[in-house]
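Text of the file model24.cif, holding mmCIF, C-alpha atoms:
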```cif
data_my_file
#
loop_
_atom_site.label_atom_id
_atom_site.label_comp_id
_atom_site.auth_asym_id
_atom_site.auth_seq_id
_atom_site.Cartn_x
_atom_site.Cartn_y
_atom_site.Cartn_z
CA MET I 194 88.69 82.88 102.55
CA THR I 195 91.70 80.84 101.54
CA ARG I 196 93.50 82.17 104.62
CA GLN I 197 90.85 80.71 106.92
CA ARG I 198 92.57 77.35 107.23
CA SER I 199 89.87 75.63 109.22
CA HIS I 200 87.42 75.17 106.36
CA GLY I 201 90.11 74.10 103.91
CA VAL I 202 88.46 75.49 100.76
CA SER I 203 90.46 77.74 98.46
CA PHE I 204 88.76 80.93 97.28
CA ARG I 205 89.42 79.73 93.74
CA VAL I 206 87.00 76.87 94.38
CA ILE I 207 84.44 79.22 95.92
CA ALA I 208 84.77 81.46 92.85
CA LYS I 209 84.04 78.47 90.64
CA TRP I 210 80.96 77.53 92.69
CA MET I 211 79.71 81.09 92.52
CA ARG I 212 80.01 81.17 88.74
CA LEU I 213 78.16 77.86 88.46
CA ALA I 214 75.47 79.23 90.78
CA GLY I 215 74.94 82.24 88.50
CA VAL I 216 76.18 84.93 90.88
CA ASP I 217 76.29 88.47 89.46
CA HIS I 218 79.34 89.87 91.20
CA LEU I 219 81.83 88.77 93.79
CA HIS I 220 84.53 90.50 95.83
CA ALA I 221 87.67 88.82 94.58
CA GLY I 222 90.56 90.86 95.97
CA THR I 223 92.46 93.86 94.66
CA VAL I 224 96.18 92.95 94.85
CA VAL I 225 96.86 96.53 96.05
CA GLY I 226 95.05 98.38 98.86
CA LYS I 227 93.94 96.87 102.13
CA LEU I 228 92.92 93.52 100.69
CA GLU I 229 96.45 92.68 99.65
CA GLY I 230 97.03 89.49 97.77
CA ASP I 231 99.53 87.72 95.66
CA PRO I 232 98.99 89.08 92.10
CA ASN I 233 99.07 85.67 90.44
CA THR I 234 96.68 84.16 92.97
CA VAL I 235 94.20 87.02 92.58
CA GLN I 236 94.43 86.83 88.79
CA GLY I 237 93.60 83.14 89.13
CA PHE I 238 90.34 84.10 90.89
CA TYR I 239 89.57 86.68 88.21
CA ASN I 240 90.26 84.23 85.39
CA VAL I 241 87.96 81.63 86.94
CA LEU I 242 85.22 84.26 87.18
CA ARG I 243 85.58 85.81 83.71
CA GLU I 244 87.40 83.71 81.11
CA PRO I 245 85.51 81.53 78.62
CA LEU I 246 88.26 78.91 78.96
CA ASN I 247 90.76 78.40 81.79
CA ALA I 248 93.94 76.82 80.44
CA VAL I 249 96.20 74.95 82.86
CA ASP I 250 98.21 77.61 84.68
CA PRO I 251 99.67 76.33 87.97
CA SER I 252 101.29 79.67 88.86
CA ARG I 253 97.74 81.14 89.05
CA GLY I 254 96.45 78.05 90.82
CA ILE I 255 94.64 76.58 87.79
CA PHE I 256 95.62 72.90 87.79
CA PHE I 257 93.02 71.58 85.37
CA GLU I 258 91.65 72.95 82.13
CA GLN I 259 88.13 74.28 82.46
CA ASN I 260 86.00 75.01 79.42
CA TRP I 261 83.08 77.15 80.59
CA ALA I 262 81.07 76.34 77.44
CA GLY I 263 79.57 79.80 77.17
CA LEU I 264 78.48 79.94 80.82
CA ASN I 265 78.02 83.56 81.87
CA GLY I 266 80.86 85.10 83.81
CA VAL I 267 80.76 86.73 87.22
CA MET I 268 81.74 90.40 87.52
CA PRO I 269 84.65 90.60 89.96
CA VAL I 270 84.58 93.49 92.43
CA ALA I 271 87.68 95.21 93.79
CA SER I 272 87.46 97.45 96.82
CA GLY I 273 89.13 98.29 100.08
CA GLY I 274 91.72 101.01 100.48
CA ILE I 275 92.07 101.74 96.78
CA HIS I 276 92.49 105.30 95.47
CA ALA I 277 92.97 107.22 92.23
CA GLY I 278 96.77 107.13 92.50
CA GLN I 279 96.76 103.34 92.04
CA MET I 280 94.77 103.41 88.81
CA HIS I 281 97.60 102.12 86.61
CA GLN I 282 98.16 99.16 88.95
CA LEU I 283 94.45 98.36 89.19
CA LEU I 284 93.97 98.45 85.41
CA THR I 285 97.06 96.34 84.79
CA TYR I 286 96.20 93.69 87.36
CA LEU I 287 92.44 93.56 86.99
CA GLY I 288 91.69 94.58 83.39
CA ASP I 289 88.48 96.03 81.95
CA ASP I 290 85.66 93.85 83.22
CA THR I 291 85.72 94.63 86.90
CA VAL I 292 83.89 96.88 89.34
CA LEU I 293 86.27 99.26 91.14
CA GLN I 294 84.69 100.49 94.36
CA PHE I 295 86.40 103.56 95.76
CA GLY I 296 84.76 104.12 99.14
CA GLY I 297 87.13 106.06 101.36
CA GLY I 298 88.89 107.17 98.18
CA THR I 299 85.71 109.08 97.24
CA ILE I 300 84.12 110.12 100.51
CA GLY I 301 87.40 111.10 102.13
CA HIS I 302 88.25 113.61 99.39
CA PRO I 303 89.20 117.00 100.90
CA MET I 304 86.92 118.87 98.42
CA GLY I 305 83.88 116.69 99.04
CA ILE I 306 82.28 113.54 97.71
CA ALA I 307 81.41 114.83 94.22
CA ALA I 308 85.01 115.96 93.72
CA GLY I 309 86.16 112.54 94.92
CA ALA I 310 83.98 110.83 92.32
CA THR I 311 85.28 113.16 89.61
CA ALA I 312 88.89 112.48 90.60
CA ASN I 313 88.43 108.72 90.34
CA ARG I 314 86.59 108.93 87.03
CA VAL I 315 89.18 111.26 85.48
CA ALA I 316 92.02 109.01 86.65
CA LEU I 317 90.32 105.92 85.21
CA GLU I 318 89.50 107.53 81.86
CA ALA I 319 93.01 108.94 81.47
CA MET I 320 94.51 105.54 82.19
CA VAL I 321 92.23 103.63 79.80
CA LEU I 322 92.90 106.23 77.10
CA ALA I 323 96.67 105.89 77.57
CA ARG I 324 96.56 102.09 77.59
CA ASN I 325 94.47 101.98 74.41
CA GLU I 326 96.98 104.32 72.78
CA GLY I 327 99.62 101.68 73.48
CA ARG I 328 101.46 103.45 76.30
CA ASP I 329 103.21 101.48 79.04
CA ILE I 330 100.89 102.40 81.91
CA TRP I 331 102.68 100.22 84.44
CA ASN I 332 105.80 102.41 84.25
CA GLU I 333 104.33 105.69 83.01
CA GLY I 334 101.21 105.54 85.21
CA PRO I 335 102.22 108.09 87.87
CA GLN I 336 103.35 110.50 85.13
CA ILE I 337 100.06 110.07 83.21
CA LEU I 338 98.11 110.86 86.38
CA ALA I 339 100.29 113.88 87.17
CA ASP I 340 99.81 115.21 83.61
CA VAL I 341 96.02 114.91 83.67
CA ALA I 342 95.85 116.31 87.22
CA ARG I 343 97.18 119.62 85.89
CA HIS I 344 93.78 120.11 84.19
CA CYS I 345 91.73 118.62 87.03
CA THR I 346 91.90 120.15 90.51
CA PRO I 347 89.93 117.32 92.21
CA LEU I 348 92.39 114.72 90.91
CA LYS I 349 95.31 116.90 91.97
CA ALA I 350 93.85 117.07 95.48
CA ALA I 351 93.26 113.31 95.54
CA LEU I 352 96.82 112.57 94.49
CA ASP I 353 98.14 115.02 97.08
CA THR I 354 96.06 113.29 99.75
CA TRP I 355 96.56 109.63 98.88
CA GLY I 356 99.26 109.57 96.22
CA GLU I 357 101.88 108.29 98.62
CA VAL I 358 99.60 105.89 100.49
CA THR I 359 100.60 102.31 99.95
CA PHE I 360 99.93 99.51 102.36
CA ASN I 361 102.87 97.39 101.21
CA TYR I 362 101.74 94.39 103.18
CA ALA I 363 103.73 91.32 102.42
CA SER I 364 101.20 88.94 100.91
CA THR I 365 100.04 86.31 103.35
CA ASP I 366 98.81 84.11 100.50
CA THR I 367 100.65 80.87 100.12
CA PRO I 368 100.41 79.81 96.49
CA ASP I 369 99.77 76.11 95.99
CA PHE I 370 102.47 75.99 93.38
CA ILE I 371 105.96 77.44 93.37
CA PRO I 372 107.59 77.29 89.94
CA THR I 373 110.96 75.58 90.17
CA PRO I 374 113.55 76.96 87.78
CA THR I 375 115.02 74.18 85.70
CA ALA I 376 118.67 74.29 84.79
CA ALA I 377 119.46 74.46 81.11
CA ALA I 378 120.95 71.27 79.80
CA MET X 8 76.66 121.75 81.43
CA ARG X 9 79.10 119.33 79.91
CA LEU X 10 77.46 116.01 79.07
CA THR X 11 79.26 113.15 80.80
CA GLN X 12 78.18 110.01 78.97
CA GLY X 13 80.35 107.21 77.66
CA ALA X 14 84.09 106.91 78.05
CA PHE X 15 86.52 109.85 78.20
CA SER X 16 83.75 112.42 78.81
CA PHE X 17 85.53 113.71 81.93
CA LEU X 18 88.66 114.45 79.90
CA PRO X 19 89.15 117.42 77.58
CA ASP X 20 87.69 116.83 74.08
CA LEU X 21 89.76 114.28 72.18
CA THR X 22 91.81 115.44 69.21
CA ASP X 23 91.45 113.66 65.86
CA ALA X 24 94.76 111.89 66.52
CA GLN X 25 93.48 110.64 69.89
CA ILE X 26 90.19 109.51 68.33
CA ALA X 27 92.07 107.64 65.60
CA ALA X 28 94.22 105.91 68.24
CA GLN X 29 91.12 104.71 70.12
CA ILE X 30 89.50 103.47 66.89
CA GLU X 31 92.74 101.68 66.01
CA TYR X 32 92.64 99.95 69.41
CA CYS X 33 89.03 98.87 68.81
CA LEU X 34 89.86 97.46 65.38
CA GLN X 35 92.85 95.57 66.83
CA GLN X 36 90.47 93.92 69.32
CA GLY X 37 88.27 92.84 66.42
CA TRP X 38 85.38 95.10 67.41
CA ALA X 39 83.04 96.61 64.81
CA THR X 40 82.73 100.40 64.95
CA SER X 41 79.74 102.59 64.21
CA VAL X 42 78.92 106.29 64.28
CA GLU X 43 75.74 107.65 65.86
CA TYR X 44 74.29 111.13 66.44
CA THR X 45 71.48 112.72 68.40
CA ASP X 46 70.05 116.06 69.45
CA ASP X 47 68.38 114.40 72.46
CA PRO X 48 71.12 113.25 74.85
CA HIS X 49 68.72 112.39 77.69
CA PRO X 50 70.23 109.49 79.68
CA ARG X 51 67.19 107.33 78.89
CA ASN X 52 67.68 107.87 75.15
CA THR X 53 69.97 104.86 74.74
CA TYR X 54 69.57 104.42 71.02
CA TRP X 55 70.91 107.34 69.02
CA GLU X 56 70.36 107.69 65.26
CA MET X 57 72.76 105.60 63.17
CA PHE X 58 74.96 107.52 60.76
CA GLY X 59 75.12 104.81 58.10
CA MET X 60 75.43 101.14 58.88
CA PRO X 61 77.87 99.77 61.48
CA MET X 62 81.22 99.22 59.77
CA PHE X 63 81.62 95.48 60.32
CA ASP X 64 84.23 95.09 57.58
CA MET X 65 86.19 98.29 58.13
CA LYS X 66 89.78 97.47 59.05
CA ASP X 67 91.26 100.95 58.76
CA ALA X 68 91.01 103.63 61.45
CA ALA X 69 91.34 106.40 58.85
CA GLY X 70 88.16 105.14 57.16
CA VAL X 71 86.22 105.30 60.42
CA LEU X 72 87.57 108.78 61.13
CA GLN X 73 86.33 109.81 57.68
CA GLU X 74 82.83 108.68 58.69
CA VAL X 75 83.16 110.61 61.96
CA ASN X 76 84.09 113.76 60.08
CA ALA X 77 81.28 113.26 57.56
CA CYS X 78 78.83 113.00 60.46
CA ARG X 79 80.30 116.06 62.19
CA HIS X 80 80.01 117.97 58.92
CA THR X 81 76.37 116.94 58.45
CA PHE X 82 75.38 117.49 62.10
CA PRO X 83 77.74 120.11 63.56
CA ASN X 84 75.27 120.99 66.34
CA HIS X 85 74.47 117.43 67.42
CA TYR X 86 76.16 115.01 69.74
CA VAL X 87 78.15 112.41 67.81
CA ARG X 88 79.60 109.24 69.31
CA VAL X 89 81.66 106.27 68.18
CA ASN X 90 80.62 102.82 69.35
CA ALA X 91 82.71 99.65 69.24
CA PHE X 92 80.73 96.41 69.26
CA ASP X 93 82.28 93.15 70.44
CA ALA X 94 80.62 90.14 68.79
CA THR X 95 82.40 87.59 71.03
CA ARG X 96 79.98 84.94 72.24
CA GLY X 97 78.83 85.83 75.74
CA VAL X 98 79.75 89.51 75.33
CA GLU X 99 77.74 90.60 72.26
CA SER X 100 77.51 94.22 73.30
CA VAL X 101 79.18 97.60 72.99
CA ARG X 102 82.61 97.51 74.63
CA LEU X 103 83.61 101.13 74.12
CA SER X 104 81.55 104.21 73.34
CA PHE X 105 82.76 107.79 73.41
CA ILE X 106 81.54 111.21 72.32
CA VAL X 107 83.47 112.86 69.48
CA ASN X 108 81.33 115.94 68.81
CA ARG X 109 79.34 118.29 71.02
CA PRO X 110 77.09 121.21 70.22
CA PRO X 111 78.66 124.61 71.01
CA GLU X 112 76.01 125.21 73.69
CA GLU X 113 75.23 122.35 76.06
CA PRO X 114 72.09 123.26 77.98
CA GLY X 115 72.15 120.24 80.30
CA PHE X 116 69.11 118.99 82.21
CA GLY X 117 66.68 120.37 84.73
CA LEU X 118 64.78 118.65 87.52
CA ILE X 119 61.00 118.73 87.02
CA ARG X 120 58.86 118.26 90.15
CA GLU X 121 55.33 116.99 89.68
CA GLU X 122 52.83 117.06 92.54
CA GLY X 123 50.91 113.78 92.72
CA ALA X 124 48.05 112.49 94.84
CA GLY X 125 48.41 113.19 98.56
CA ARG X 126 51.79 114.72 99.25
CA ASN X 127 53.46 112.58 96.61
CA ILE X 128 56.11 114.27 94.49
CA ARG X 129 57.48 112.72 91.31
CA TYR X 130 60.82 113.81 89.92
CA THR X 131 61.68 113.79 86.22
CA LEU X 132 64.82 114.78 84.39
CA GLY X 133 63.81 117.25 81.70
CA ARG X 134 65.51 119.25 79.00
CA ARG X 135 66.45 122.73 79.97
CA ALA X 136 64.93 125.17 77.51
#
```

Structure translated into structure tokens:
Amino acid sequence: MTRQRSHGVSFRVIAKWMRLAGVDHLHAGTVVGKLEGDPNTVQGFYNVLREPLNAVDPSRGIFFEQNWAGLNGVMPVASGGIHAGQMHQLLTYLGDDTVLQFGGGTIGHPMGIAAGATANRVALEAMVLARNEGRDIWNEGPQILADVARHCTPLKAALDTWGEVTFNYASTDTPDFIPTPTAAA
Amino acid sequence: MRLTQGAFSFLPDLTDAQIAAQIEYCLQQGWATSVEYTDDPHPRNTYWEMFGMPMFDMKDAAGVLQEVNACRHTFPNHYVRVNAFDATRGVESVRLSFIVNRPPEEPGFGLIREEGAGRNIRYTLGRRA
């Protein structure tokens, strides 16, 4: 949306409108997968949709404080080219209150759709468990998945199929704000 | 058939140490924990029986685990779960809920077909005897 220059409206603004309009859920980008995006920019969208108060945070595109005064949030939805092997990245970037839609990552599973669903659920539960236990899922994520996959054949198959798939697009987002490092006095 | 309700139900049963770590996380978030049990795990049975009152003032994971073990001891053949309630304005609901005890035999559910008027068929999820 932001990349469509002709209408000139940032997705952050659209997210704000949607929350005011009482929308239930909204596709807001995934950072990883096919809908690549600059992590800070996407987190800005998520914060606008979910947080009770948006503090000024120019690096995430929040230029003015916004107190939502108890207004209900919007559930952000992440989908598009995501798979079980990215679970640690998804959980780190997007947090708890989000809908993760694994489409191809479920239906394309070599052992069938039910196995695909199991693989995604096992990966998610293992990652939430590890994060709540205080482990560093960003760095240990692949190891956590490999460990749990030893007890779960569907997850093993999913990791073998998609584990190495990354899109690695360079983000085409242009943040409105580039922090300038200030020299120490 | 293994019951897959709540969090972590697709993982192997949690050890006491793992349960304590999850409770500790809940308490750090400021959530109030409670212990519930049931012998009727039908998906529509949302409200299980409370094992004592929710522990709004409990700040110690060991204390909650003691309640869990007391409930397991009293109802070894029931399902037991731990709930964590978040009282934050606008949330005001259970943020984490996971099963900590299962009966040795889990019968699972069966599909009941009921012939209605015309060629109508109604489907119900029933308990397997």

Residues of chain X within 12 Å of chain I, using only C-alpha atoms, as a VMD selection string?
chain X and resid 11 to 19 21 24 to 36 95 to 99 102 to 103 105

Can those selected residues be exported to a file as a tab-separated table (two decimals), in the frame of the given file so that it contains C-alpha atoms?
```
chain	number	residue	atom	x	y	z
X	11	THR	CA	79.26	113.15	80.80
X	12	GLN	CA	78.18	110.01	78.97
X	13	GLY	CA	80.35	107.21	77.66
X	14	ALA	CA	84.09	106.91	78.05
X	15	PHE	CA	86.52	109.85	78.20
X	16	SER	CA	83.75	112.42	78.81
X	17	PHE	CA	85.53	113.71	81.93
X	18	LEU	CA	88.66	114.45	79.90
X	19	PRO	CA	89.15	117.42	77.58
X	21	LEU	CA	89.76	114.28	72.18
X	24	ALA	CA	94.76	111.89	66.52
X	25	GLN	CA	93.48	110.64	69.89
X	26	ILE	CA	90.19	109.51	68.33
X	27	ALA	CA	92.07	107.64	65.60
X	28	ALA	CA	94.22	105.91	68.24
X	29	GLN	CA	91.12	104.71	70.12
X	30	ILE	CA	89.50	103.47	66.89
X	31	GLU	CA	92.74	101.68	66.01
X	32	TYR	CA	92.64	99.95	69.41
X	33	CYS	CA	89.03	98.87	68.81
X	34	LEU	CA	89.86	97.46	65.38
X	35	GLN	CA	92.85	95.57	66.83
X	36	GLN	CA	90.47	93.92	69.32
X	95	THR	CA	82.40	87.59	71.03
X	96	ARG	CA	79.98	84.94	72.24
X	97	GLY	CA	78.83	85.83	75.74
X	98	VAL	CA	79.75	89.51	75.33
X	99	GLU	CA	77.74	90.60	72.26
X	102	ARG	CA	82.61	97.51	74.63
X	103	LEU	CA	83.61	101.13	74.12
X	105	PHE	CA	82.76	107.79	73.41
```

I'd like to see the residues matched by the PyMOL selection byres ((chain I and resi 276) around 7) on this file, and ideally I'd get them as an NGL selection string.
:I and (274-275 or 277-279 or 295 or 298 or 355)

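A straight line drawn from atom CA of I:Gly254 to atom CA of I:His281 is 24.5 Å long.
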
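Between atom CA of I:Tyr239 and atom CA of I:Val224 there is a distance of 11.3 Å.
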
Any chance you could resolve the PyMOL selection byres ((chain I and resi 304) around 12) against this file and give the residues as an NGL selection string?
:I and (298-303 or 305-312 or 346-351 or 353-354)

Put those residues in a file: C-alpha atoms, as a compact mmCIF listing (two decimals), in the frame of the given file.
```txt
# COMPACT_ATOMS: atom_id res chain seq x y z
CA GLY I 298 88.89 107.17 98.18
CA THR I 299 85.71 109.08 97.24
CA ILE I 300 84.12 110.12 100.51
CA GLY I 301 87.40 111.10 102.13
CA HIS I 302 88.25 113.61 99.39
CA PRO I 303 89.20 117.00 100.90
CA GLY I 305 83.88 116.69 99.04
CA ILE I 306 82.28 113.54 97.71
CA ALA I 307 81.41 114.83 94.22
CA ALA I 308 85.01 115.96 93.72
CA GLY I 309 86.16 112.54 94.92
CA ALA I 310 83.98 110.83 92.32
CA THR I 311 85.28 113.16 89.61
CA ALA I 312 88.89 112.48 90.60
CA THR I 346 91.90 120.15 90.51
CA PRO I 347 89.93 117.32 92.21
CA LEU I 348 92.39 114.72 90.91
CA LYS I 349 95.31 116.90 91.97
CA ALA I 350 93.85 117.07 95.48
CA ALA I 351 93.26 113.31 95.54
CA ASP I 353 98.14 115.02 97.08
CA THR I 354 96.06 113.29 99.75
```

Would you translate the PyMOL selection byres ((chain X and resi 120) around 8) into the concrete set of residues it matches in this file, as a list in words?
Leu118, Ile119, Glu121, Glu122, Ile128, Arg129, Tyr130 and Thr131 of chain X

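What separates atom CA of X:Cys78 from atom CA of X:Phe116 is a distance of 24.6 Å.
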
I'd like the contact shell of I:Arg205 - 8 Å cut-off, only C-alpha atoms, skipping same-chain residues fewer than 4 positions apart - returned as a compact mmCIF listing (two decimals) with C-alpha atoms, in the frame of the given file.
```
# COMPACT_ATOMS: atom_id res chain seq x y z
CA LYS I 209 84.04 78.47 90.64
CA GLY I 237 93.60 83.14 89.13
CA PHE I 238 90.34 84.10 90.89
CA VAL I 241 87.96 81.63 86.94
CA GLY I 254 96.45 78.05 90.82
```

For stretch 68-76 of chain X: contacts at 12 Å, all atoms listed in the file, fewer than 3 positions along chain excluded, given as a ChimeraX atom specification
/X:22-35,38-44,57-65,79-83,86-91,105-108

Using all atoms listed in the file, can you list as an NGL selection string the residues within 9 Å of (63.0, 125.5, 83.7)?
:X and (117-119 or 133-136)

Give me the box for stretch 242-250 of chain I as lines of an AutoDock Vina configuration file, namely the centre and edge lengths in Å to one decimal of a box along x, y and z that holds every listed atom plus 3 Å on each side.
```
center_x = 91.7
center_y = 80.4
center_z = 82.9
size_x = 19.0
size_y = 16.9
size_z = 14.6
```

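By all atoms listed in the file, and with residues fewer than 5 positions from I:Thr234 along its chain excluded, the set lying at most 8 Å from it is Ser252, Arg253, Gly254, Asp366 and Pro368 of chain I.
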
Could you write stretch 62-78 of chain X as an mmCIF file, in the frame of the given file, with N, CA and C atoms rebuilt where they are missing?
```
data_model
loop_
_atom_site.group_PDB
_atom_site.id
_atom_site.type_symbol
_atom_site.label_atom_id
_atom_site.label_comp_id
_atom_site.auth_asym_id
_atom_site.auth_seq_id
_atom_site.Cartn_x
_atom_site.Cartn_y
_atom_site.Cartn_z
ATOM 1 N N MET X 62 80.174 99.573 60.740
ATOM 2 C CA MET X 62 81.220 99.220 59.770
ATOM 3 C C MET X 62 81.874 97.897 60.163
ATOM 4 N N PHE X 63 81.140 96.790 59.898
ATOM 5 C CA PHE X 63 81.620 95.480 60.320
ATOM 6 C C PHE X 63 82.910 95.084 59.607
ATOM 7 N N ASP X 64 83.077 95.543 58.361
ATOM 8 C CA ASP X 64 84.230 95.090 57.580
ATOM 9 C C ASP X 64 85.350 96.113 57.539
ATOM 10 N N MET X 65 85.163 97.250 58.179
ATOM 11 C CA MET X 65 86.190 98.290 58.130
ATOM 12 C C MET X 65 87.398 97.879 58.956
ATOM 13 N N LYS X 66 88.565 97.896 58.338
ATOM 14 C CA LYS X 66 89.780 97.470 59.050
ATOM 15 C C LYS X 66 90.743 98.645 59.238
ATOM 16 N N ASP X 67 90.323 99.831 58.810
ATOM 17 C CA ASP X 67 91.260 100.950 58.760
ATOM 18 C C ASP X 67 90.696 102.115 59.589
ATOM 19 N N ALA X 68 91.481 102.567 60.571
ATOM 20 C CA ALA X 68 91.010 103.630 61.450
ATOM 21 C C ALA X 68 90.739 104.923 60.685
ATOM 22 N N ALA X 69 91.528 105.169 59.628
ATOM 23 C CA ALA X 69 91.340 106.400 58.850
ATOM 24 C C ALA X 69 89.950 106.416 58.208
ATOM 25 N N GLY X 70 89.478 105.235 57.768
ATOM 26 C CA GLY X 70 88.160 105.140 57.160
ATOM 27 C C GLY X 70 87.052 105.478 58.138
ATOM 28 N N VAL X 71 87.220 105.011 59.387
ATOM 29 C CA VAL X 71 86.220 105.300 60.420
ATOM 30 C C VAL X 71 86.227 106.795 60.741
ATOM 31 N N LEU X 72 87.441 107.352 60.823
ATOM 32 C CA LEU X 72 87.570 108.780 61.130
ATOM 33 C C LEU X 72 86.915 109.625 60.036
ATOM 34 N N GLN X 73 86.985 109.126 58.806
ATOM 35 C CA GLN X 73 86.330 109.810 57.680
ATOM 36 C C GLN X 73 84.815 109.850 57.906
ATOM 37 N N GLU X 74 84.258 108.731 58.368
ATOM 38 C CA GLU X 74 82.830 108.680 58.690
ATOM 39 C C GLU X 74 82.491 109.659 59.804
ATOM 40 N N VAL X 75 83.357 109.691 60.839
ATOM 41 C CA VAL X 75 83.160 110.610 61.960
ATOM 42 C C VAL X 75 83.102 112.045 61.447
ATOM 43 N N ASN X 76 84.041 112.385 60.587
ATOM 44 C CA ASN X 76 84.090 113.760 60.080
ATOM 45 C C ASN X 76 82.912 114.074 59.173
ATOM 46 N N ALA X 77 82.462 113.066 58.396
ATOM 47 C CA ALA X 77 81.280 113.260 57.560
ATOM 48 C C ALA X 77 80.065 113.546 58.437
ATOM 49 N N CYS X 78 79.961 112.819 59.544
ATOM 50 C CA CYS X 78 78.830 113.000 60.460
ATOM 51 C C CYS X 78 78.915 114.364 61.144
#
```
